[in-house]
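Enquirer: Take a look at this one; I'll ask things after.
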Amino acid sequence: MGGRVRRAAAAALLLLALGGCATFPEQGPREWHEQLEGAGELGGPPVVPENTAPPEPPQQSGPERQSGPQQTPSGCQDPDPQVIATCLNPVGAIAVLPDAASALVGERQTGRVLRVRQGSEPQLVTTVPVDGTGGGGLTGLVLSPSYIEDQLVYAYITTPQDNRVVRLAAGEPPKPVLAGIPRGPVNNGGALAVDEDGSLLVATGNAGQTPPPPDSLAGKLLRIDLQGHPAKGNPDPLSPTMSSGLQSPGGICVDPQRGAAWVTDRRVGEDALHLIKPGVLPAPAWRWPDRPGVGGCTAQDGAVAVAQVRPESLFVIRSDAKNLFVGAPETLLQETYGRLSAATLAPDGLVWLGTVNKAGGRPVSSDDRVIRIQPLAAGGDNRQ
């Protein structure tokens, strides 16, 4: 479809990407009962070729190479080859650039947006004024579906007055795209994604309202065009609301192979993963009664990976062609990088993760960090 064509074309962007720090380059719901520690080892990411230099051989993966740090960080120097950036503030969101080797990283509390690349110092791109109270701040970040042409980036932020979607362009202040999303004492965080039609998916917290009024933008899954208007195909053509029933969303992920979209939610009494459908959100496709603090997610060819804060791990479940989960879950990276929150899928299929260890975790000297790991195979084998 159109989204896949754009992603294929994006591989040619390397010379058009950011040139510097000032430019923008139903089977019933399943419950988790037991985590499988150590399952699905992850090796280091394959080397991403730069320009015309010959590619280096991939790093060894499999039983001889254990995932995670092998040496202790020293200051901001982290010897782990999977670590892309270090010494950040807690990471709220990540958007990988079309070259697949660099990314924009949003810090939740500071509102800073930095360009990161392995082996280079993070470069400040812009700072978005945010209010980080009540679970808010900068919690969503995506590239425009036409990023190659327009170099635009969209962010979900909390201000002293509201929650909103803003557009970021080089040399310009943030421009509101969808403002007036209610904010409250809690549940101000949100998330962003781009669906296969090029529309923006916006998950909003309920701002402490249980439930919010039906006409409120709080606690909703919104679908808008790039100007903030209701996207074509919404249940109500005059409304941006596609689904309702969210409480405190942690992330949205779209499966590029299957087109299915998922949203994580931290709810009263449980955490949940929902398959996005028009109307009231269906019963959770997966439940976590122990409330691990689900964050961002990625989805590729039926494998859904969810970042978890309190178990300090990546939770992976796999679905069949009907988006019904099958087999046993896996718990990866357990207590390897600490509290994981942000997660996104790169154009080359690798998974990028961000940590929030400075926000209540056990930070090491190189925290907070951005990590890149191998793609998650649908069949359960994460080796090259």
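Lettering and numbering for the structure tokens are positional, with chains as A, B, ... in the shown order, residues counted from 1 in each chain, and ligands counted from 1 in the shown order.
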Residues of range 73-233 of chain A classed as strand (DSSP E) by DSSP on the backbone are to be reported as a PyMOL selection string.

Expert: chain A and resi 83-85+91-96+102-107+112-117+123-127+138-143+153-158+163-168+175-181+190-194+200-204+220-224

Enquirer: If we count only C-alpha atoms and set the cut-off at 9 Å, which residues sit around Ser243 in chain A, ignoring sequence neighbours fewer than 3 positions away in its own chain? Please answer as a list in words.

Expert: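 Near Ser243 in chain A, the qualifying residues are Lys220, Leu221, Leu222, Arg223, Pro235, Leu246, Ile276, Lys277, Pro278, Gly279, Val280 and Leu281 of chain A.
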
Enquirer: Could you give me, as a VMD selection string, the residues within 9 Å of range 160-173 of chain A, counting only C-alpha atoms and dropping anything in the same chain fewer than 3 positions from it?

Expert: chain A and resid 22 to 25 125 to 126 128 130 to 131 136 to 137 140 150 to 157 176 to 184 188 to 190 192 202 204 226 228

Enquirer: Go through A:Pro282, A:Pro329, A:Gly198, A:Gly250 and flag the residue nearest Gln308 in chain A, using only C-alpha atoms for the distances.

Expert: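 Between A:Pro282, A:Pro329, A:Gly198, A:Gly250, the residue approaching Gln308 in chain A most closely is A:Gly250.
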